[in-house]
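Beneath this line is the structure, given in structure tokens, with notes to follow.
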Amino acid sequence: MLEVRNLSAGYGPISVLEEISFSVGAGEIMAVLGANGAGKTTLNRVLSGLIKPRSGSVRFDDKDITNGAHDAIVQAGLIHVPEGRKIFPNLTVRDNLLLGAYLRGRAQRDATLEEVLATFPRLRERLGQLAGSMSGGEQQMLAIGRGLMAQPRMLILDEPSLGLSPLLTEELFALIARLNASGLTIMLVEQNVVQTLALATRAVVIEHGRVVLEGATADMEGDERLRAAYLGI
Amino acid sequence: MGEILAASLVNGLLTGGIYALVALGLTLIYGVLHIVNFAHGSLLMMAMFGTWLLAAQLGIDPYLALPLMTAVMFAVGWSLYRFVIGRISRGDDRAILLATLGVAVVLDNLALVLFTGNTRQIETPWTFAVLEVGPLLISVPKLISFGVALILAALLWSFMARTDMGRAIRAVAREPEGARLMGIRPDRIFALAYGIGTALLGAAACLLLPIFYVSPGVGSVFVLVAFTIVVLGGMGSFPGALVGGLLIGMTESVGGLVLGESLGPISISLVFIATLLLRPTGLFRGAR
Ligand SMILES: Nc1ncnc2c1ncn2[C@@H]1O[C@H](COP(=O)(O)OP(=O)(O)OP(=O)(O)O)[C@@H](O)[C@H]1O
Ligand SMILES: [Mg+2]
């Protein structure tokens, strides 16, 4: 479904990603693992068209989106729930969710909203509340709910468990499993290695902007290169 | 004495409606683009000359011209941002600020070349119409301007609260990257906000013309007042701009009564300084 080839990117003179290649199959949960600063968020920002790559190519659904505009990529159904949530704190929960469907027709919007609220009953109780006044966990739910409002074909989640309690993290992972079971392809960026390996079907490990390991998660536990990527040895 | 004070308060309140309109545009642009729009006064001047031309050359009543001027000024503001300010600045705040300053200089000098420095005025059938309410004589054009200003403020508020575009404007104001991830293009939203802010000036110009003169420098009269209102109301706050506009209108009017016509405007500066000293965040929390 997503095909990344020899992708390089960076900021100004700084090079962050170097010749990254991997692919995500339809219906998969693909984990992206790597230490702080490895380049995971940069990768997501390139995929969603927020920054332009230096070279390489990205194909989504067999269409080239390498230099696609960010709105065209959203339109195509590749939705990125960013690190740090980036919800709209000055808007109500309801307005945040509606903006998730900004490029989708009004016709389906109400039905999608119902689905999302069924998935996150907590959000239904708080539709009129300003998003900025919600707890961290609720804000993360809102960020994912807002992403779902765009009717994604593939969802990129960048460290969704950041700042959540172990219990909430467990709930979140169960939710990701449910979304995936309903047919959604997911690319999950996480620091939470053990839980992520248990959830994902495959994983790619990034170290200093390069792929050091890609494969089925079942084969990865205890792999030295995974440990090295995290401990930076 | 009580009657004079009441008359002065009512007069100031009504004038405050137009102030609020000018300030609403300024605060909208500030809230979204995070810059003070230095071209605001010049764009108001331009709209006033446009309305004056329609009235003096074609005999079109300024009130009838209001929908047209509002639409034209929207197009002017939108294009100005899209093709000039946005292009020059590439989204960099400081560059946007300087670009609006450049636009102001060009417009002011263009007006001097085209219209000379003279002041002009038109007389409409409304100009001297008054309404007797008890002991008070109320100027009809001021009453109309007040009513229209309130209606426009309400329309703007419901546009911002209830439409997709209004939500997108508020979203981009606080979290542009999050907005981009929803497929919203901030550059378009900036142009839209600048266009709406400018459109309000088109309406303000039509409401002003029956009661005020036009000259190339007329914008600065209003923009200093509008800036005070925006600071008083809370930078970027809509209700602040509305309430602040009405308060400043009354302050100016009563100030003129107490201090005399020529010293009256000092009262506005006093409010400005007092706001900065006592409540620098303004009456309402800014940036919505
Ligand atoms: N806007 C930017 N300008 C310059 N350098 C940046 C920028 N954003 C990120 N970087 C640098 O790029 C490198 C990769 O950052 P990135 O955010 O992609 O890492 P990450 O893998 O997501 O890390 P984390 O796990 O901490 O989120 C870092 O060295 C970072 O300092
Ligand atoms: Mg990151």
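By convention here, the chains of the structure tokens are called A, B, ... in the order presented, each chain's residues are numbered starting at 1, and ligands are numbered starting at 1 in the order presented.
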task = Using only C-alpha atoms and all ligand atoms, determine which residues fall within 7 Å of ligand 1, then list them as number ranges by chain.
result = A: 10-11, 14, 16, 34-43, 191
For the selection just defined, write its residues with C-alpha atoms to a file, as a compact mmCIF listing (two decimals), in the first residue's frame.
# COMPACT_ATOMS: atom_id res chain seq x y z
CA GLY A 10 16.63 16.87 5.95
CA TYR A 11 16.38 20.45 7.12
CA ILE A 14 21.27 18.96 8.01
CA VAL A 16 18.24 13.42 8.56
CA GLY A 34 14.14 3.95 16.60
CA ALA A 35 15.81 6.04 19.28
CA ASN A 36 15.16 9.75 19.85
CA GLY A 37 16.37 11.75 16.90
CA ALA A 38 16.56 8.76 14.57
CA GLY A 39 14.35 10.58 12.05
CA LYS A 40 10.95 8.92 12.57
CA THR A 41 8.95 12.15 12.76
CA THR A 42 10.86 13.55 9.82
CA LEU A 43 9.87 10.47 7.84
CA GLN A 191 9.20 4.10 21.71
- Pick out the chain A residues within 9 Å of chain B. Count only C-alpha atoms. Give them as an NGL selection string. :A and (48-50 or 70-75 or 79-82 or 85-91 or 95-96 or 98-103 or 146-147 or 150)
Got a sec: who's within 10 Å of segment 203-208 of chain A, counting only C-alpha atoms, leaving out chain neighbours fewer than 4 positions off, as a tab-separated table (two decimals) with C-alpha atoms, in the first residue's frame?
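Output (result_37.tsv):
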chain	number	residue	atom	x	y	z
A	15	SER	CA	20.65	15.57	6.50
A	16	VAL	CA	18.24	13.42	8.56
A	17	LEU	CA	17.01	10.54	6.40
A	18	GLU	CA	19.43	8.73	4.16
A	20	ILE	CA	15.34	4.92	3.47
A	21	SER	CA	13.45	2.05	1.83
A	22	PHE	CA	10.60	-0.05	3.20
A	23	SER	CA	7.03	-0.89	2.39
A	24	VAL	CA	3.72	-1.28	4.21
A	29	ILE	CA	0.23	-2.79	11.33
A	30	MET	CA	3.73	-1.66	10.52
A	31	ALA	CA	5.84	-0.51	13.47
A	32	VAL	CA	8.53	2.12	13.00
A	33	LEU	CA	11.07	1.92	15.80
A	34	GLY	CA	14.14	3.95	16.60
A	35	ALA	CA	15.81	6.04	19.28
A	36	ASN	CA	15.16	9.75	19.85
A	37	GLY	CA	16.37	11.75	16.90
A	38	ALA	CA	16.56	8.76	14.57
A	39	GLY	CA	14.35	10.58	12.05
A	40	LYS	CA	10.95	8.92	12.57
A	187	MET	CA	1.92	2.71	10.51
A	188	LEU	CA	2.76	3.01	14.18
A	189	VAL	CA	5.78	4.99	15.37
A	196	THR	CA	4.57	-2.42	19.88
A	197	LEU	CA	6.31	-5.59	18.76
A	212	VAL	CA	18.96	-1.15	9.97
A	213	LEU	CA	16.29	-3.84	10.17
A	214	GLU	CA	13.01	-4.67	8.49
A	215	GLY	CA	10.93	-7.77	8.92
A	216	ALA	CA	8.26	-9.70	10.80
A	217	THR	CA	8.02	-8.70	14.46
A	218	ALA	CA	8.02	-12.36	15.50
A	219	ASP	CA	11.66	-12.63	14.39
A	220	MET	CA	12.77	-9.42	16.04
A	225	ARG	CA	20.38	-4.66	16.06
A	226	LEU	CA	17.08	-3.59	17.65
A	228	ALA	CA	21.63	-1.40	19.53
A	229	ALA	CA	19.32	1.03	17.74
A	230	TYR	CA	17.74	1.94	21.06
A	232	GLY	CA	22.81	3.69	20.65
**Item:** All residues 9 Å or closer to Thr66 of chain A, only C-alpha atoms, same chain fewer than 2 positions away omitted, as a count of residues only
**Value:** 12
_Leu232 of chain B surroundings by only C-alpha atoms, 10 Å radius, close-in-sequence under 3 positions cut, as number ranges by chain_ = B: 226-229, 235, 237, 240-241, 243-245, 247-248, 271-276, 279-284
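Proximity to Leu192 of chain B at 10 Å, evaluated using only C-alpha atoms and with sequence-adjacent residues fewer than 5 positions away removed, yields Ile29, Phe74, Ala75, Gly77, Trp78, Ser79, Tyr81, Arg82, Met165, Gly166, Ile169, Pro186, Asp187, Gly197 and Thr198 of chain B.
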Please, could you write that set of residues out with N, CA and C atoms as a PDB file, in the first residue's frame?
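Below is the file that was written, out.pdb:
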ATOM      1  N   ILE B  29      -7.215  39.956  11.335  1.00  0.00           N
ATOM      2  CA  ILE B  29      -5.936  39.781  10.640  1.00  0.00           C
ATOM      3  C   ILE B  29      -4.830  39.514  11.656  1.00  0.00           C
ATOM      4  N   PHE B  74     -13.265  42.978  -0.426  1.00  0.00           N
ATOM      5  CA  PHE B  74     -12.838  41.600  -0.173  1.00  0.00           C
ATOM      6  C   PHE B  74     -11.870  41.155  -1.269  1.00  0.00           C
ATOM      7  N   ALA B  75     -12.265  41.414  -2.530  1.00  0.00           N
ATOM      8  CA  ALA B  75     -11.419  41.011  -3.665  1.00  0.00           C
ATOM      9  C   ALA B  75     -10.073  41.719  -3.602  1.00  0.00           C
ATOM     10  N   GLY B  77      -8.488  42.902  -0.882  1.00  0.00           N
ATOM     11  CA  GLY B  77      -7.688  42.360   0.219  1.00  0.00           C
ATOM     12  C   GLY B  77      -7.164  40.973  -0.101  1.00  0.00           C
ATOM     13  N   TRP B  78      -8.039  40.137  -0.642  1.00  0.00           N
ATOM     14  CA  TRP B  78      -7.657  38.764  -0.976  1.00  0.00           C
ATOM     15  C   TRP B  78      -6.531  38.767  -1.997  1.00  0.00           C
ATOM     16  N   SER B  79      -6.686  39.553  -3.075  1.00  0.00           N
ATOM     17  CA  SER B  79      -5.663  39.583  -4.126  1.00  0.00           C
ATOM     18  C   SER B  79      -4.365  40.184  -3.594  1.00  0.00           C
ATOM     19  N   TYR B  81      -3.204  40.037  -0.634  1.00  0.00           N
ATOM     20  CA  TYR B  81      -2.452  39.040   0.121  1.00  0.00           C
ATOM     21  C   TYR B  81      -1.897  37.967  -0.806  1.00  0.00           C
ATOM     22  N   ARG B  82      -2.761  37.455  -1.659  1.00  0.00           N
ATOM     23  CA  ARG B  82      -2.391  36.333  -2.520  1.00  0.00           C
ATOM     24  C   ARG B  82      -1.233  36.669  -3.450  1.00  0.00           C
ATOM     25  N   MET B 165     -15.125  27.180   6.697  1.00  0.00           N
ATOM     26  CA  MET B 165     -14.059  28.158   6.486  1.00  0.00           C
ATOM     27  C   MET B 165     -13.741  28.902   7.776  1.00  0.00           C
ATOM     28  N   GLY B 166     -14.791  29.253   8.529  1.00  0.00           N
ATOM     29  CA  GLY B 166     -14.573  29.943   9.793  1.00  0.00           C
ATOM     30  C   GLY B 166     -13.773  29.080  10.756  1.00  0.00           C
ATOM     31  N   ILE B 169     -10.203  28.993   9.635  1.00  0.00           N
ATOM     32  CA  ILE B 169      -9.488  30.224   9.982  1.00  0.00           C
ATOM     33  C   ILE B 169      -9.036  30.163  11.431  1.00  0.00           C
ATOM     34  N   PRO B 186      -2.855  26.744   4.702  1.00  0.00           N
ATOM     35  CA  PRO B 186      -2.773  28.004   5.442  1.00  0.00           C
ATOM     36  C   PRO B 186      -2.650  29.227   4.536  1.00  0.00           C
ATOM     37  N   ASP B 187      -1.904  29.109   3.417  1.00  0.00           N
ATOM     38  CA  ASP B 187      -1.745  30.287   2.560  1.00  0.00           C
ATOM     39  C   ASP B 187      -3.105  30.790   2.055  1.00  0.00           C
ATOM     40  N   GLY B 197     -11.011  40.882   6.505  1.00  0.00           N
ATOM     41  CA  GLY B 197     -10.643  42.081   7.255  1.00  0.00           C
ATOM     42  C   GLY B 197     -10.778  43.332   6.400  1.00  0.00           C
ATOM     43  N   THR B 198     -10.382  43.215   5.131  1.00  0.00           N
ATOM     44  CA  THR B 198     -10.462  44.343   4.217  1.00  0.00           C
ATOM     45  C   THR B 198     -11.900  44.616   3.791  1.00  0.00           C
TER      46      THR B 198
END
- request: Mind checking which residues fall within 10 Å of Met46 of chain B, counting only C-alpha atoms, ignoring those fewer than 3 positions away in the same chain, and posting them as a list in words?
  value: His40, Gly41, Ser42, Leu43, Phe49, Gly50, Thr51, Trp52, Met73, Leu107, Asp108, Leu110, Ala111, Leu201, Gly202, Ala205, Val214, Ser215, Pro216, Val218 and Gly219 of chain B
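Counting from atom CA of Gly249 of chain B, the distance to atom CA of Tyr19 of chain B is 7.1 Å.
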